[in-house]
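What follows is entry.cif (mmCIF, C-alpha atoms and all ligand atoms).
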data_protein
#
loop_
_atom_site.label_atom_id
_atom_site.label_comp_id
_atom_site.auth_asym_id
_atom_site.auth_seq_id
_atom_site.Cartn_x
_atom_site.Cartn_y
_atom_site.Cartn_z
CA MET A 1 -36.76 -0.80 21.75
CA THR A 2 -34.19 2.01 21.33
CA SER A 3 -30.68 2.19 22.74
CA HIS A 4 -27.63 4.41 22.22
CA SER A 5 -23.93 3.65 21.95
CA GLN A 6 -20.93 5.83 21.34
CA VAL A 7 -19.54 3.80 18.44
CA LEU A 8 -21.72 1.30 16.58
CA ILE A 9 -20.06 -1.05 14.10
CA LEU A 10 -22.06 -2.92 11.47
CA GLY A 11 -20.24 -6.09 10.43
CA GLY A 12 -17.88 -8.35 12.36
CA GLY A 13 -15.55 -9.36 9.51
CA LEU A 14 -11.81 -8.81 9.87
CA ALA A 15 -12.21 -5.07 9.24
CA GLY A 16 -15.12 -4.48 11.67
CA LEU A 17 -13.37 -6.34 14.49
CA SER A 18 -10.06 -4.55 13.83
CA PHE A 19 -11.66 -1.10 13.94
CA ALA A 20 -13.46 -2.01 17.19
CA ILE A 21 -10.20 -3.16 18.80
CA ALA A 22 -8.15 -0.19 17.58
CA ILE A 23 -10.73 2.27 18.96
CA ALA A 24 -11.02 0.42 22.28
CA CYS A 25 -7.24 0.31 22.74
CA GLU A 26 -6.78 4.02 22.03
CA ASN A 27 -9.95 5.04 23.94
CA PRO A 28 -10.33 2.60 26.86
CA ASP A 29 -13.51 4.23 28.21
CA SER A 30 -15.43 4.15 24.94
CA ASP A 31 -18.68 2.27 24.63
CA ILE A 32 -18.55 0.18 21.44
CA VAL A 33 -21.25 -2.13 20.09
CA LEU A 34 -20.62 -4.44 17.11
CA LEU A 35 -23.43 -6.19 15.23
CA GLU A 36 -22.73 -9.21 13.04
CA ALA A 37 -25.41 -10.83 10.88
CA SER A 38 -23.91 -14.35 10.91
CA PRO A 39 -23.36 -16.47 14.00
CA PHE A 40 -19.69 -16.64 15.07
CA ARG A 41 -19.49 -20.44 14.79
CA SER A 42 -16.81 -22.23 16.82
CA GLY A 43 -15.72 -18.88 18.19
CA SER A 44 -14.29 -17.90 14.81
CA PRO A 45 -15.71 -15.16 12.55
CA ASN A 46 -15.89 -17.35 9.48
CA PRO A 47 -14.58 -20.91 9.79
CA LEU A 48 -15.42 -21.52 6.13
CA ASP A 49 -13.03 -18.77 5.00
CA THR A 50 -10.02 -20.72 3.72
CA ARG A 51 -8.20 -17.54 2.78
CA GLY A 52 -4.93 -16.41 4.27
CA SER A 53 -3.89 -12.78 4.61
CA ALA A 54 -0.41 -11.54 3.79
CA LEU A 55 0.22 -8.90 6.44
CA ASN A 56 2.82 -6.21 5.89
CA LEU A 57 5.19 -5.11 8.65
CA HIS A 58 3.13 -2.05 9.50
CA SER A 59 0.06 -4.26 10.05
CA VAL A 60 2.10 -6.55 12.27
CA SER A 61 3.23 -3.64 14.44
CA LEU A 62 -0.39 -2.45 14.73
CA LEU A 63 -1.54 -5.94 15.75
CA GLU A 64 1.31 -5.96 18.27
CA SER A 65 0.19 -2.66 19.78
CA TRP A 66 -3.41 -3.93 20.00
CA GLY A 67 -2.29 -7.02 21.95
CA ILE A 68 -3.05 -9.53 19.18
CA TRP A 69 0.26 -10.43 17.57
CA SER A 70 1.65 -12.36 20.56
CA GLY A 71 -1.20 -14.89 20.21
CA LEU A 72 -0.92 -14.99 16.42
CA ARG A 73 2.84 -15.11 15.83
CA SER A 74 3.18 -18.88 16.32
CA ALA A 75 0.45 -19.45 13.69
CA ALA A 76 2.00 -17.05 11.14
CA GLY A 77 4.27 -17.98 8.22
CA ALA A 78 7.15 -15.55 7.68
CA ILE A 79 7.83 -14.33 4.12
CA ARG A 80 11.61 -14.21 3.82
CA ASP A 81 11.63 -13.54 0.08
CA ILE A 82 9.30 -13.23 -2.88
CA HIS A 83 9.96 -14.84 -6.24
CA VAL A 84 8.11 -13.17 -9.12
CA SER A 85 7.94 -14.91 -12.49
CA HIS A 86 5.91 -15.29 -15.67
CA ARG A 87 5.16 -18.81 -16.91
CA GLY A 88 6.96 -19.52 -20.21
CA HIS A 89 8.74 -16.12 -20.34
CA PHE A 90 12.23 -14.92 -19.51
CA GLY A 91 11.70 -12.29 -16.79
CA SER A 92 11.85 -13.12 -13.08
CA THR A 93 13.05 -11.45 -9.92
CA VAL A 94 13.55 -12.19 -6.23
CA MET A 95 12.93 -9.61 -3.51
CA THR A 96 14.53 -10.51 -0.19
CA ALA A 97 14.08 -9.44 3.43
CA ALA A 98 17.88 -9.25 3.72
CA GLU A 99 17.96 -6.50 1.05
CA LEU A 100 15.69 -4.38 3.25
CA ASP A 101 17.54 -5.39 6.39
CA VAL A 102 14.47 -6.94 8.02
CA SER A 103 13.94 -10.51 9.23
CA ALA A 104 10.77 -10.93 7.12
CA LEU A 105 9.01 -9.00 4.36
CA GLY A 106 5.67 -9.83 5.96
CA TYR A 107 3.70 -12.70 7.48
CA VAL A 108 0.88 -14.91 6.26
CA VAL A 109 -1.92 -15.79 8.66
CA GLU A 110 -4.94 -17.96 7.95
CA ASN A 111 -8.08 -15.84 8.18
CA HIS A 112 -9.80 -18.17 10.63
CA GLU A 113 -6.81 -17.89 13.01
CA LEU A 114 -6.72 -14.10 12.70
CA GLY A 115 -10.49 -13.91 13.18
CA GLN A 116 -10.34 -16.04 16.30
CA GLN A 117 -7.64 -13.84 17.84
CA LEU A 118 -9.51 -10.64 16.94
CA LEU A 119 -12.74 -11.97 18.42
CA ALA A 120 -11.03 -13.04 21.65
CA ARG A 121 -9.29 -9.66 22.02
CA ALA A 122 -12.48 -7.71 21.28
CA THR A 123 -14.30 -9.67 23.99
CA GLN A 124 -11.42 -9.12 26.42
CA LEU A 125 -11.55 -5.35 25.79
CA GLY A 126 -15.23 -5.26 26.77
CA ILE A 127 -16.62 -4.53 23.29
CA THR A 128 -20.29 -5.55 23.13
CA ILE A 129 -20.56 -8.12 20.35
CA ARG A 130 -24.04 -9.11 19.23
CA SER A 131 -24.46 -11.95 16.76
CA PRO A 132 -26.46 -12.99 14.89
CA VAL A 133 -28.11 -9.57 14.55
CA ARG A 134 -28.81 -8.28 11.04
CA CYS A 135 -29.16 -4.57 10.38
CA SER A 136 -32.03 -3.89 7.97
CA GLY A 137 -31.86 -0.14 7.49
CA LEU A 138 -29.94 3.08 8.12
CA ARG A 139 -31.52 6.40 9.00
CA THR A 140 -30.92 9.60 10.93
CA ASP A 141 -33.07 10.52 13.95
CA ALA A 142 -32.95 14.28 14.57
CA GLY A 143 -29.45 14.46 13.11
CA THR A 144 -28.21 11.37 14.97
CA PRO A 145 -27.22 8.32 12.92
CA ALA A 146 -29.36 5.29 13.68
CA ILE A 147 -29.80 1.74 12.46
CA GLU A 148 -32.73 -0.65 12.56
CA THR A 149 -32.34 -4.36 13.07
CA GLU A 150 -34.50 -7.04 11.45
CA GLU A 151 -36.15 -7.52 14.85
CA GLY A 152 -37.25 -3.87 14.85
CA GLU A 153 -34.70 -2.62 17.38
CA VAL A 154 -33.33 0.90 16.82
CA ILE A 155 -29.79 1.77 17.90
CA THR A 156 -28.52 5.33 17.71
CA ALA A 157 -24.84 6.20 18.00
CA ASP A 158 -22.41 9.12 18.00
CA LEU A 159 -20.63 7.43 15.09
CA VAL A 160 -21.69 4.41 12.99
CA LEU A 161 -19.00 2.44 11.13
CA VAL A 162 -20.39 0.53 8.16
CA ALA A 163 -18.06 -2.50 7.91
CA ALA A 164 -20.58 -4.75 6.18
CA GLY A 165 -18.41 -5.66 3.17
CA VAL A 166 -19.60 -5.34 -0.41
CA ALA A 167 -23.20 -4.22 0.12
CA PRO A 168 -24.07 -1.52 -2.42
CA ASP A 169 -27.72 -1.13 -1.32
CA TRP A 170 -26.42 0.37 1.88
CA PHE A 171 -24.79 3.16 -0.04
CA ALA A 172 -28.05 4.14 -1.72
CA GLN A 173 -29.62 4.52 1.72
CA LEU A 174 -26.84 6.96 2.59
CA GLY A 175 -27.09 8.78 -0.73
CA ILE A 176 -23.50 7.79 -1.56
CA SER A 177 -22.71 6.75 -5.12
CA VAL A 178 -20.53 3.74 -5.72
CA LEU A 179 -18.17 2.85 -8.50
CA GLU A 180 -18.62 -0.88 -8.78
CA ARG A 181 -16.65 -2.80 -11.38
CA PRO A 182 -17.35 -6.52 -11.30
CA THR A 183 -14.64 -8.42 -13.17
CA PRO A 184 -15.10 -11.65 -15.17
CA ASN A 185 -12.62 -13.25 -12.76
CA THR A 186 -12.77 -15.36 -9.62
CA ALA A 187 -10.10 -16.02 -7.00
CA LEU A 188 -9.68 -19.71 -6.35
CA VAL A 189 -8.25 -20.16 -2.86
CA PHE A 190 -6.84 -23.35 -1.37
CA ASN A 191 -3.97 -24.71 0.70
CA ALA A 192 -1.35 -26.97 -0.87
CA SER A 193 1.54 -28.96 0.56
CA PHE A 194 4.97 -29.76 -0.87
CA PRO A 195 7.79 -31.99 0.43
CA GLY A 196 10.59 -30.56 2.55
CA GLN A 197 11.00 -27.78 5.07
CA GLN A 198 9.39 -24.38 4.84
CA SER A 199 11.94 -21.87 3.51
CA GLY A 200 9.67 -18.84 3.76
CA ARG A 201 9.69 -18.08 0.05
CA ALA A 202 6.48 -16.64 -1.45
CA PHE A 203 5.79 -16.89 -5.17
CA GLU A 204 3.87 -14.56 -7.44
CA ARG A 205 3.56 -16.22 -10.85
CA PHE A 206 1.76 -14.94 -13.87
CA THR A 207 0.14 -17.75 -15.83
CA GLU A 208 -2.04 -17.83 -18.94
CA ASN A 209 -5.01 -18.44 -16.60
CA GLY A 210 -4.22 -15.42 -14.39
CA PRO A 211 -1.90 -14.47 -11.48
CA LEU A 212 -1.04 -17.17 -8.96
CA ALA A 213 0.12 -16.24 -5.44
CA VAL A 214 1.67 -19.05 -3.39
CA LEU A 215 2.19 -17.90 0.20
CA PRO A 216 4.12 -19.74 2.93
CA LEU A 217 2.06 -20.88 5.93
CA GLN A 218 3.26 -21.89 9.36
CA THR A 219 4.83 -25.34 9.26
CA LEU A 220 2.92 -28.09 11.04
CA SER A 221 5.53 -30.79 10.52
CA HIS A 222 9.10 -30.87 9.22
CA ALA A 223 8.12 -33.39 6.57
CA ASP A 224 6.19 -30.95 4.42
CA GLN A 225 5.63 -27.27 3.79
CA ARG A 226 2.15 -25.73 3.53
CA TYR A 227 1.20 -22.83 1.29
CA ASN A 228 -1.94 -20.76 0.85
CA VAL A 229 -2.69 -20.31 -2.85
CA VAL A 230 -4.73 -17.54 -4.50
CA TRP A 231 -5.24 -18.17 -8.20
CA SER A 232 -7.19 -15.50 -10.05
CA VAL A 233 -8.83 -17.16 -13.04
CA SER A 234 -11.68 -16.39 -15.44
CA ASN A 235 -15.15 -17.29 -14.16
CA SER A 236 -15.42 -20.07 -16.73
CA THR A 237 -12.05 -21.56 -15.71
CA ALA A 238 -13.16 -21.38 -12.07
CA THR A 239 -16.26 -23.41 -12.96
CA THR A 240 -14.17 -25.96 -14.87
CA PHE A 241 -11.63 -26.23 -12.03
CA GLY A 242 -14.46 -26.46 -9.49
CA ASP A 243 -15.75 -29.61 -11.20
CA LEU A 244 -12.38 -31.39 -11.16
CA ASP A 245 -11.46 -33.97 -8.53
CA ASP A 246 -8.42 -33.25 -6.33
CA GLU A 247 -6.06 -35.33 -8.46
CA ALA A 248 -6.95 -33.62 -11.75
CA PHE A 249 -6.89 -30.16 -10.14
CA ARG A 250 -3.53 -30.87 -8.53
CA ASN A 251 -2.10 -31.64 -12.01
CA HIS A 252 -3.39 -28.32 -13.41
CA PHE A 253 -1.92 -26.45 -10.46
CA GLN A 254 1.43 -28.24 -10.79
CA ASP A 255 1.53 -27.46 -14.51
CA ALA A 256 0.86 -23.74 -13.92
CA PHE A 257 3.13 -23.32 -10.89
CA GLY A 258 6.00 -25.53 -12.06
CA TRP A 259 8.42 -27.57 -9.98
CA ARG A 260 10.18 -24.93 -7.86
CA LEU A 261 8.94 -26.63 -4.69
CA GLY A 262 8.87 -30.17 -6.09
CA ARG A 263 5.76 -32.32 -6.52
CA VAL A 264 2.51 -30.96 -5.08
CA GLN A 265 1.65 -33.48 -2.36
CA ALA A 266 -1.91 -32.49 -1.60
CA VAL A 267 -4.42 -29.72 -2.22
CA GLY A 268 -7.10 -28.79 0.31
CA ARG A 269 -10.67 -27.57 -0.06
CA ARG A 270 -11.05 -24.94 -2.79
CA SER A 271 -13.14 -21.83 -2.15
CA GLN A 272 -14.09 -19.23 -4.75
CA TRP A 273 -14.24 -15.45 -4.32
CA PRO A 274 -15.73 -13.32 -7.09
CA LEU A 275 -13.32 -10.50 -7.90
CA MET A 276 -14.64 -7.01 -8.02
CA ARG A 277 -13.42 -3.50 -7.63
CA LEU A 278 -15.54 -1.15 -5.61
CA SER A 279 -14.98 2.34 -4.37
CA ALA A 280 -17.38 4.77 -2.77
CA SER A 281 -17.53 8.40 -3.89
CA GLU A 282 -17.68 9.51 -0.25
CA GLN A 283 -16.68 7.65 2.87
CA PHE A 284 -18.52 9.73 5.42
CA ARG A 285 -21.99 11.16 5.55
CA ALA A 286 -24.30 12.19 8.40
CA GLY A 287 -22.46 10.24 11.09
CA PHE A 288 -21.97 7.07 8.98
CA LEU A 289 -18.40 6.14 8.05
CA LEU A 290 -17.67 3.39 5.50
CA VAL A 291 -14.70 1.19 6.35
CA GLY A 292 -13.04 -2.02 5.11
CA ASN A 293 -14.39 -3.62 1.95
CA ALA A 294 -17.45 -1.35 2.16
CA ALA A 295 -15.15 1.61 1.47
CA HIS A 296 -12.68 -0.04 -0.91
CA THR A 297 -12.74 -3.53 -2.37
CA LEU A 298 -9.47 -4.28 -4.16
CA HIS A 299 -8.15 -6.99 -6.43
CA PRO A 300 -6.19 -9.40 -4.17
CA VAL A 301 -3.19 -9.42 -6.57
CA ALA A 302 -1.16 -7.17 -4.26
CA GLY A 303 -2.67 -8.45 -0.95
CA GLN A 304 -3.37 -4.92 0.29
CA GLY A 305 -7.11 -4.78 1.20
CA LEU A 306 -6.87 -5.77 4.84
CA ASN A 307 -3.50 -4.04 5.30
CA LEU A 308 -5.12 -0.80 4.19
CA SER A 309 -8.04 -1.34 6.60
CA LEU A 310 -5.71 -1.99 9.56
CA ARG A 311 -3.80 1.20 8.80
CA GLU A 312 -7.10 3.11 8.63
CA ALA A 313 -8.29 1.55 11.91
CA GLY A 314 -5.19 2.93 13.65
CA LEU A 315 -5.73 6.39 12.14
CA LEU A 316 -9.43 6.50 13.09
CA ALA A 317 -8.72 5.42 16.66
CA GLN A 318 -6.29 8.34 16.93
CA ALA A 319 -8.81 10.79 15.42
CA ILE A 320 -11.44 9.72 17.97
CA ALA A 321 -8.97 10.10 20.83
CA ASP A 322 -8.04 13.61 19.60
CA ALA A 323 -11.72 14.62 19.37
CA GLN A 324 -12.44 13.31 22.85
CA GLN A 325 -9.49 15.19 24.26
CA ARG A 326 -11.00 18.40 22.85
CA SER A 327 -14.49 17.34 24.08
CA ALA A 328 -15.62 17.50 20.44
CA ALA A 329 -18.31 15.26 18.93
CA ILE A 330 -16.67 12.17 17.41
CA GLY A 331 -19.18 11.77 14.57
CA CYS A 332 -18.89 15.17 12.92
CA CYS A 333 -17.01 16.20 9.81
CA ALA A 334 -14.63 18.52 11.67
CA SER A 335 -13.46 15.73 14.00
CA LEU A 336 -12.90 13.31 11.11
CA LYS A 337 -11.37 15.75 8.63
CA THR A 338 -7.74 14.80 9.29
CA TYR A 339 -8.63 11.10 9.16
CA LEU A 340 -10.54 11.50 5.88
CA ASP A 341 -7.66 13.45 4.29
CA GLN A 342 -5.13 10.85 5.43
CA VAL A 343 -7.10 7.86 4.16
CA SER A 344 -7.92 9.51 0.87
CA ASP A 345 -4.18 9.90 0.09
CA GLU A 346 -3.47 6.40 1.33
CA GLN A 347 -6.27 4.84 -0.68
CA ARG A 348 -5.27 6.63 -3.87
CA LEU A 349 -1.75 5.20 -3.62
CA VAL A 350 -2.78 1.63 -2.76
CA VAL A 351 -5.83 1.50 -5.06
CA ASP A 352 -3.99 2.92 -8.08
CA SER A 353 -1.00 0.62 -7.70
CA THR A 354 -3.23 -2.44 -7.13
CA ASP A 355 -5.35 -1.55 -10.19
CA ALA A 356 -2.23 -1.13 -12.31
CA LEU A 357 -0.89 -4.52 -11.22
CA ALA A 358 -4.25 -6.20 -11.80
CA ILE A 359 -4.50 -4.77 -15.32
CA LEU A 360 -0.88 -5.54 -16.18
CA PHE A 361 -0.99 -9.12 -14.97
CA ASN A 362 -4.56 -10.12 -15.83
CA ARG A 363 -4.58 -9.22 -19.48
CA ARG A 364 -2.96 -11.46 -22.03
CA GLY A 365 -1.39 -10.66 -25.37
CA PRO A 366 2.01 -9.81 -26.84
CA LEU A 367 1.67 -6.06 -26.31
CA LEU A 368 1.32 -6.51 -22.57
CA ASP A 369 3.73 -9.43 -22.32
CA VAL A 370 6.64 -7.24 -23.38
CA PRO A 371 6.32 -4.57 -20.64
CA ARG A 372 5.50 -7.26 -18.08
CA ASP A 373 8.59 -9.33 -18.91
CA ALA A 374 10.70 -6.22 -19.28
CA SER A 375 9.60 -4.90 -15.90
CA LEU A 376 10.47 -8.20 -14.19
CA ALA A 377 13.85 -8.33 -15.92
CA LEU A 378 14.48 -4.68 -15.03
CA LEU A 379 13.53 -5.27 -11.41
CA ASP A 380 16.04 -8.06 -11.26
CA LEU A 381 18.77 -5.82 -12.63
CA LEU A 382 18.11 -2.76 -10.50
CA PRO A 383 18.32 -3.51 -6.77
CA ALA A 384 17.36 0.06 -5.81
CA ILE A 385 14.02 -0.08 -7.64
CA ARG A 386 13.42 -3.57 -6.30
CA GLN A 387 13.96 -2.29 -2.78
CA GLN A 388 11.52 0.53 -3.41
CA VAL A 389 8.84 -1.90 -4.64
CA ALA A 390 9.42 -4.22 -1.71
CA SER A 391 9.30 -1.41 0.83
CA VAL A 392 5.90 -0.19 -0.47
CA GLY A 393 4.57 -3.77 -0.30
CA THR A 394 5.89 -4.34 3.22
CA GLY A 395 4.41 -1.11 4.57
CA ARG A 396 7.86 0.18 5.59
CA ARG A 397 7.02 3.58 4.15
CA TYR A 398 4.98 4.22 7.34
CA ALA A 399 7.98 3.65 9.59
C1 LIG B 1 -9.01 -14.03 -2.41
C2 LIG B 1 -8.67 -12.87 -1.53
C3 LIG B 1 -7.42 -12.78 -0.93
C4 LIG B 1 -7.09 -11.69 -0.13
N1 LIG B 1 -5.83 -11.61 0.40
C5 LIG B 1 -5.48 -10.53 1.11
C6 LIG B 1 -4.14 -10.41 1.64
O1 LIG B 1 -3.29 -11.28 1.45
N2 LIG B 1 -3.83 -9.28 2.35
C7 LIG B 1 -4.74 -8.27 2.55
O2 LIG B 1 -4.38 -7.26 3.19
N3 LIG B 1 -6.01 -8.37 2.08
C8 LIG B 1 -6.41 -9.47 1.37
N4 LIG B 1 -7.68 -9.57 0.91
C9 LIG B 1 -8.71 -8.56 1.31
C10 LIG B 1 -9.31 -8.90 2.68
O3 LIG B 1 -9.72 -10.25 2.73
C11 LIG B 1 -10.49 -7.99 3.06
O4 LIG B 1 -10.06 -6.67 2.92
C12 LIG B 1 -10.89 -8.26 4.50
O5 LIG B 1 -11.42 -9.55 4.60
C13 LIG B 1 -11.86 -7.23 5.07
O6 LIG B 1 -13.17 -7.54 4.79
P1 LIG B 1 -14.36 -6.78 5.54
O7 LIG B 1 -14.37 -7.11 7.00
O8 LIG B 1 -14.35 -5.35 5.16
O9 LIG B 1 -15.64 -7.42 4.80
P2 LIG B 1 -16.28 -8.85 4.98
O10 LIG B 1 -15.27 -9.90 5.20
O11 LIG B 1 -17.21 -9.01 3.82
O12 LIG B 1 -17.13 -8.73 6.32
C14 LIG B 1 -18.36 -8.04 6.36
C15 LIG B 1 -19.16 -8.59 7.53
O13 LIG B 1 -20.36 -7.81 7.65
C16 LIG B 1 -21.45 -8.68 7.93
N5 LIG B 1 -22.68 -8.07 7.46
C17 LIG B 1 -23.06 -7.88 6.17
N6 LIG B 1 -24.29 -7.33 6.11
C18 LIG B 1 -24.68 -7.14 7.40
C19 LIG B 1 -25.86 -6.62 8.01
N7 LIG B 1 -26.89 -6.22 7.26
N8 LIG B 1 -25.94 -6.57 9.36
C20 LIG B 1 -24.89 -7.02 10.14
N9 LIG B 1 -23.76 -7.55 9.61
C21 LIG B 1 -23.65 -7.60 8.27
C22 LIG B 1 -21.09 -9.96 7.16
O14 LIG B 1 -21.78 -11.09 7.70
C23 LIG B 1 -19.59 -10.04 7.32
O15 LIG B 1 -19.19 -10.80 8.45
C24 LIG B 1 -8.04 -10.65 0.10
C25 LIG B 1 -9.31 -10.72 -0.49
C26 LIG B 1 -9.63 -11.81 -1.31
C27 LIG B 1 -10.99 -11.87 -1.97
#
Transcribe the structure of this file into structure tokens.
Ligand SMILES: Cc1cc2nc3c(=O)[nH]c(=O)nc-3n(C[C@H](O)[C@H](O)[C@H](O)COP(=O)(O)OP(=O)(O)OC[C@H]3O[C@@H](n4cnc5c(N)ncnc54)[C@H](O)[C@@H]3O)c2cc1C
Amino acid sequence: MTSHSQVLILGGGLAGLSFAIAIACENPDSDIVLLEASPFRSGSPNPLDTRGSALNLHSVSLLESWGIWSGLRSAAGAIRDIHVSHRGHFGSTVMTAAELDVSALGYVVENHELGQQLLARATQLGITIRSPVRCSGLRTDAGTPAIETEEGEVITADLVLVAAGVAPDWFAQLGISVLERPTPNTALVFNASFPGQQSGRAFERFTENGPLAVLPLQTLSHADQRYNVVWSVSNSTATTFGDLDDEAFRNHFQDAFGWRLGRVQAVGRRSQWPLMRLSASEQFRAGFLLVGNAAHTLHPVAGQGLNLSLREAGLLAQAIADAQQRSAAIGCCASLKTYLDQVSDEQRLVVDSTDALAILFNRRGPLLDVPRDASLALLDLLPAIRQQVASVGTGRRYA
């Protein structure tokens, strides 16, 4: 069986769904088909994903314009300030929303909530979502990009977005080389609760086991405050921590994080995410465009992977609208040139700064401790630089 769609999206993770929605909002008449290999259980893209995403202000305004934020806002935790510190060392700094004259530096949403809202909006916009359908191969039929499913169906499209996450074998099929750097580290992700009311403070703490991000979640009750924690540790530490019962793990976490929020009351289910760095040498070839983690997989230390994808989704939707206005083909190099130039600059900035942070805060040793402590101390002393750092992280540079 063969069919054709205007835009075909492979992968219904947060990136695939966001690109589908952005394109549908900007181009209401477009015919978009999205294939996802896993079933969308309970209406949510991945109910087992315990991660949260820190969204910058630019991402929030995009979600607003796509009709998603109004349903998500009540489930989002506002970040009013960020406390950055290094366990056992002198440097620390606080970046505040007030300094930037905004009500929040960003918001934290649980991935299953965000996924649910994206899925509902995609359905509402008339995007054809097929799941579970696994793509088994990519090819071009007389110059037109095409995919094959495991059931032997062939779908051709004007433009195929590959949003299938970290899947290097796909790149070989496209003839695109990939720089893949697995790290010996794993992100341990879990929710934790502390006594008292949510103040909206996020914490980035550098520990001997690796960076620890503690992000405020929406409050469920006034008796405690919930946080989403991302702790990047070595693979062997992740295995050791994985074997501990909740009580023993809670003690390790308390010891590393300290007592800024009081006693850790409870820790939830822990999930593990292998950390790797991946970038493709090309993002577009023969009608196939790589997006999301398939195009750039970043260390989560700066929480920028999804933010970058949302920004790119907005830019691509605009590029498609421009091409359609000129009656130009949407899947050709000329129509995507501006988009590709824009994202290449964007990616260089975000990827380089994320890599620098990951290197600075993952390595241990006195030679690196000095610049790390000095940079935190300096940031605390120089409000102008601190504002600059905060405004890059919040996405305000796009305003
Ligand atoms: C621990 C951690 C914390 C993070 N925190 C943040 C944060 O705070 N802020 C931020 O901006 N970013 C963050 N990120 C990054 C962010 O999670 C990702 O950028 C985001 O999830 C986008 O992923 P994706 O949709 O590209 O890929 P994936 O989530 O991997 O989705 C790919 C989808 O494609 C499907 N698929 C794969 N193969 C096929 C096939 N053959 N056929 C059909 N479908 C297929 C898969 O089933 C899957 O659903 C974090 C990442 C990690 C690891």
Near Leu308 in chain A, counting only C-alpha atoms, which residues have an atom at most 10 Å away, once you skip same-chain residues fewer than 5 positions from it, shown as a count of residues only?
16
Which residues form the shell of 6 Å around ligand LIG 1 (chain B) when you count all atoms listed in the file, given as number ranges by chain?
A: 10-16, 35-38, 53-55, 134-136, 163-165, 187, 230, 273, 292-294, 300, 303-307
In terms of all atoms listed in the file, the residue from A:Met1, A:Ile127, A:Val33, A:Cys25 at minimal distance from Gly314 in chain A is A:Cys25
Coordinates-based distance that separates CA of Ser103 in chain A from CA of Arg205 in chain A (Å, one decimal)
23.3 Å
Restricting to all atoms listed in the file, whichever of A:Arg260, A:Arg121, A:Arg201, A:Arg270 is closest to Gly77 in chain A is A:Arg201
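Counting from CA of Asp345 in chain A, the distance to CA of Leu62 in chain A is 19.5 Å.
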Let me make sure I understand: among A:Trp259, A:Ser131, A:Val108, A:Val166, which one has the smallest atom-to-atom distance to Thr149 in chain A if we use only C-alpha atoms?
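Closest to Thr149 in chain A of all the choices is A:Ser131.
Distances from A:Ile9, A:Leu290, A:Ala280, A:Cys333 to Ile176 in chain A were compared using all atoms listed in the file, and the smallest one belongs to A:Ala280.
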Tell me, as a list in words, which residues lie within 12 Å of Glu64 in chain A, counting all atoms listed in the file; anything in the same chain fewer than 6 positions away does not count.
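So, after excluding close chain neighbours, the residues are Ile21, Ala22, Cys25, Leu57, His58, Ser70, Gly71, Leu72, Arg73, Gln117, Leu118, Arg121, Leu310 and Gly314 of chain A.
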Centre and edge lengths of an axis-aligned box around all listed atoms of range 310-325 of chain A, with 3 Å added on each side, are to be given in Å to one decimal, as lines of an AutoDock Vina configuration file.
center_x = -8.1
center_y = 6.6
center_z = 16.4
size_x = 14.6
size_y = 23.2
size_z = 21.6
Each range 266-334 of chain A residue no farther than 9 Å from range 240-252 of chain A, nearest pair in Å, all atoms listed in the file, as CSV:
residue,atom,partner,partner_atom,distance
A:Ala266,CA,A:Arg250,CA,7.3
A:Val267,CA,A:Arg250,CA,6.5
A:Gly268,CA,A:Asp246,CA,8.1
A:Arg269,CA,A:Asp246,CA,8.8
A:Arg270,CA,A:Gly242,CA,7.7
A:Ser271,CA,A:Gly242,CA,8.8
A:Gln272,CA,A:Gly242,CA,8.7
Between CA of Arg181 in chain A and CA of Ala167 in chain A - distance in Å to one decimal:
13.3 Å
Please tell me which residues are no farther than 7 Å from (11.6, -15.3, -0.5) in the file, counting all atoms listed in the file, and write them as a ChimeraX atom specification.
/A:79-83,94-96,200-202
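For the choices A:Ala24, A:Leu34, A:Ile330, A:Leu215, the atom-to-atom distance to Leu105 in chain A is smallest for A:Leu215 when using only C-alpha atoms.
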Residue with the minimum atom-to-atom distance to Gly152 in chain A, picked from A:Gln325, A:Gln318, A:Thr239, A:Ser3 with all atoms listed in the file counted, is A:Ser3
Given the point (-5.2, -16.3, -12.1) in the coordinates of this file, which residues lie within 9 Å, counting all atoms listed in the file, and how would they look as a PyMOL selection string?
chain A and resi 185-188+205-213+230-234+361-362
